[in-house]
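Take a look at the structure set out below.
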Amino acid sequence: MTAGRGRPGGVRVALAAVGAAVMGYGGWLLAREIEWTPAVLLSVAAWLVTGPPAHDLLLAPLVAVTGVLVARLLPRPWRTMVVVGLFATGTLLLVGTPLLTRPSAAPPNPGLDDRDYLPGLLAYLGAVWALLFAVTAGVALRRRRRARRSAQNGS
C-alpha cells in the first residue's frame, strides 16, 4: 500500500496523476464543446449532484453485497462465471439503457435508430450467460474427470 516510509508508492502516485490528467482533459472537452445555456448548466449540475451520490449510495453497496453473496453461496467453479456474467450484464445494461429509455438526440439514420433495441440487448445477455455456463460446465466436468482418474490411479 505504501512505500517504505509511510509515503504513497510510485505506482499509486503515477495512477493518481494519470487519473487527474484524464479528468482535466474531460473537463476541458466538456467546457469547449458545449454551448452553455441555462438548460445545459442545470442538466450538468443535476448530473453532478445526483450521479456520484447515486453510485456511492446505491450501486456500489449493491455490487459489494452481491459479491459477498456470490462468494458465500456458490461453489468455487461457479463463482467466477457468476461474477464475470454480472460484470458483463452490468456493462451491457450501462451501455444499452440509454438506447432503450430515450429517443435519439440526432436525426434518424436509416438502419441505425429504426430498430427495437430490447431484443438485441436480451440476445447479447443470453449469449453471454450461455457461453459462461458452457465454459464453466466444461471446466467443472474436466476437473471431475481428472479427480476420478487420479483416484483410480492412486488406488
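In the C-alpha cells, chains take letters A, B, ... by order of appearance, with residues numbered from 1 within each chain and ligands from 1 in the order shown.
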
* Identify, on the basis of only C-alpha atoms, every residue whose closest approach to A:Leu100 does not exceed 12 Å; exclude the query and any residue fewer than 4 positions from it along the same chain; express the result as a list in words. => Leu92, Leu93, Leu94, Val95, Gly96, Ser104, Asp113, Arg115, Asp116, Tyr117, Leu118, Pro119, Gly120, Leu121 and Leu122 of chain A

Would you save the residues of that selection, restricted to C-alpha atoms, as a PDB file, in the first residue's frame?
ATOM      1  CA  LEU A  92     -24.225  -4.138 -21.353  1.00  0.00           C
ATOM      2  CA  LEU A  93     -27.059  -2.574 -19.357  1.00  0.00           C
ATOM      3  CA  LEU A  94     -24.994   0.561 -18.762  1.00  0.00           C
ATOM      4  CA  VAL A  95     -24.310   0.920 -22.472  1.00  0.00           C
ATOM      5  CA  GLY A  96     -27.736  -0.224 -23.692  1.00  0.00           C
ATOM      6  CA  SER A 104     -32.036   9.609 -30.202  1.00  0.00           C
ATOM      7  CA  ASP A 113     -32.017   4.121 -34.967  1.00  0.00           C
ATOM      8  CA  ARG A 115     -34.956  -0.800 -34.638  1.00  0.00           C
ATOM      9  CA  ASP A 116     -36.095  -2.157 -31.320  1.00  0.00           C
ATOM     10  CA  TYR A 117     -33.009  -2.416 -29.069  1.00  0.00           C
ATOM     11  CA  LEU A 118     -34.544  -4.560 -26.324  1.00  0.00           C
ATOM     12  CA  PRO A 119     -34.456  -7.869 -28.261  1.00  0.00           C
ATOM     13  CA  GLY A 120     -30.830  -7.232 -29.240  1.00  0.00           C
ATOM     14  CA  LEU A 121     -29.840  -6.471 -25.654  1.00  0.00           C
ATOM     15  CA  LEU A 122     -31.613  -9.578 -24.399  1.00  0.00           C
TER      16      LEU A 122
END

* Give the strand (DSSP E or B) residues of chain A, as assigned by DSSP on the backbone, as a PyMOL selection string. => chain A and resi 2-3+7-8

* May I have all residues of stretch 18-126 of chain A that DSSP, computed from the backbone, assigns to alpha helix (DSSP H), given as a ChimeraX atom specification? => /A:18-33,38-54,60-73,76-101,117-126

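In this model, the gap between atom CA of A:Leu48 and atom CA of A:Met23 comes to 13.6 Å.
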
* To do: Could you give me, as a list of chain:residue names, the residues within 7 Å of stretch 123-132 of chain A, counting only C-alpha atoms and dropping anything in the same chain fewer than 6 positions from it?
  => A:Met81, A:Gly85, A:Thr89

* Asked: So what do you get for atom CA of A:Gly90 versus atom CA of A:Leu59, distance-wise?
  ->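 Distance reported for this atom pair: 10.5 Å.
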
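With atom CA of A:Ala64 on one side and atom CA of A:Ala14 on the other, the separation reads 26.9 Å.
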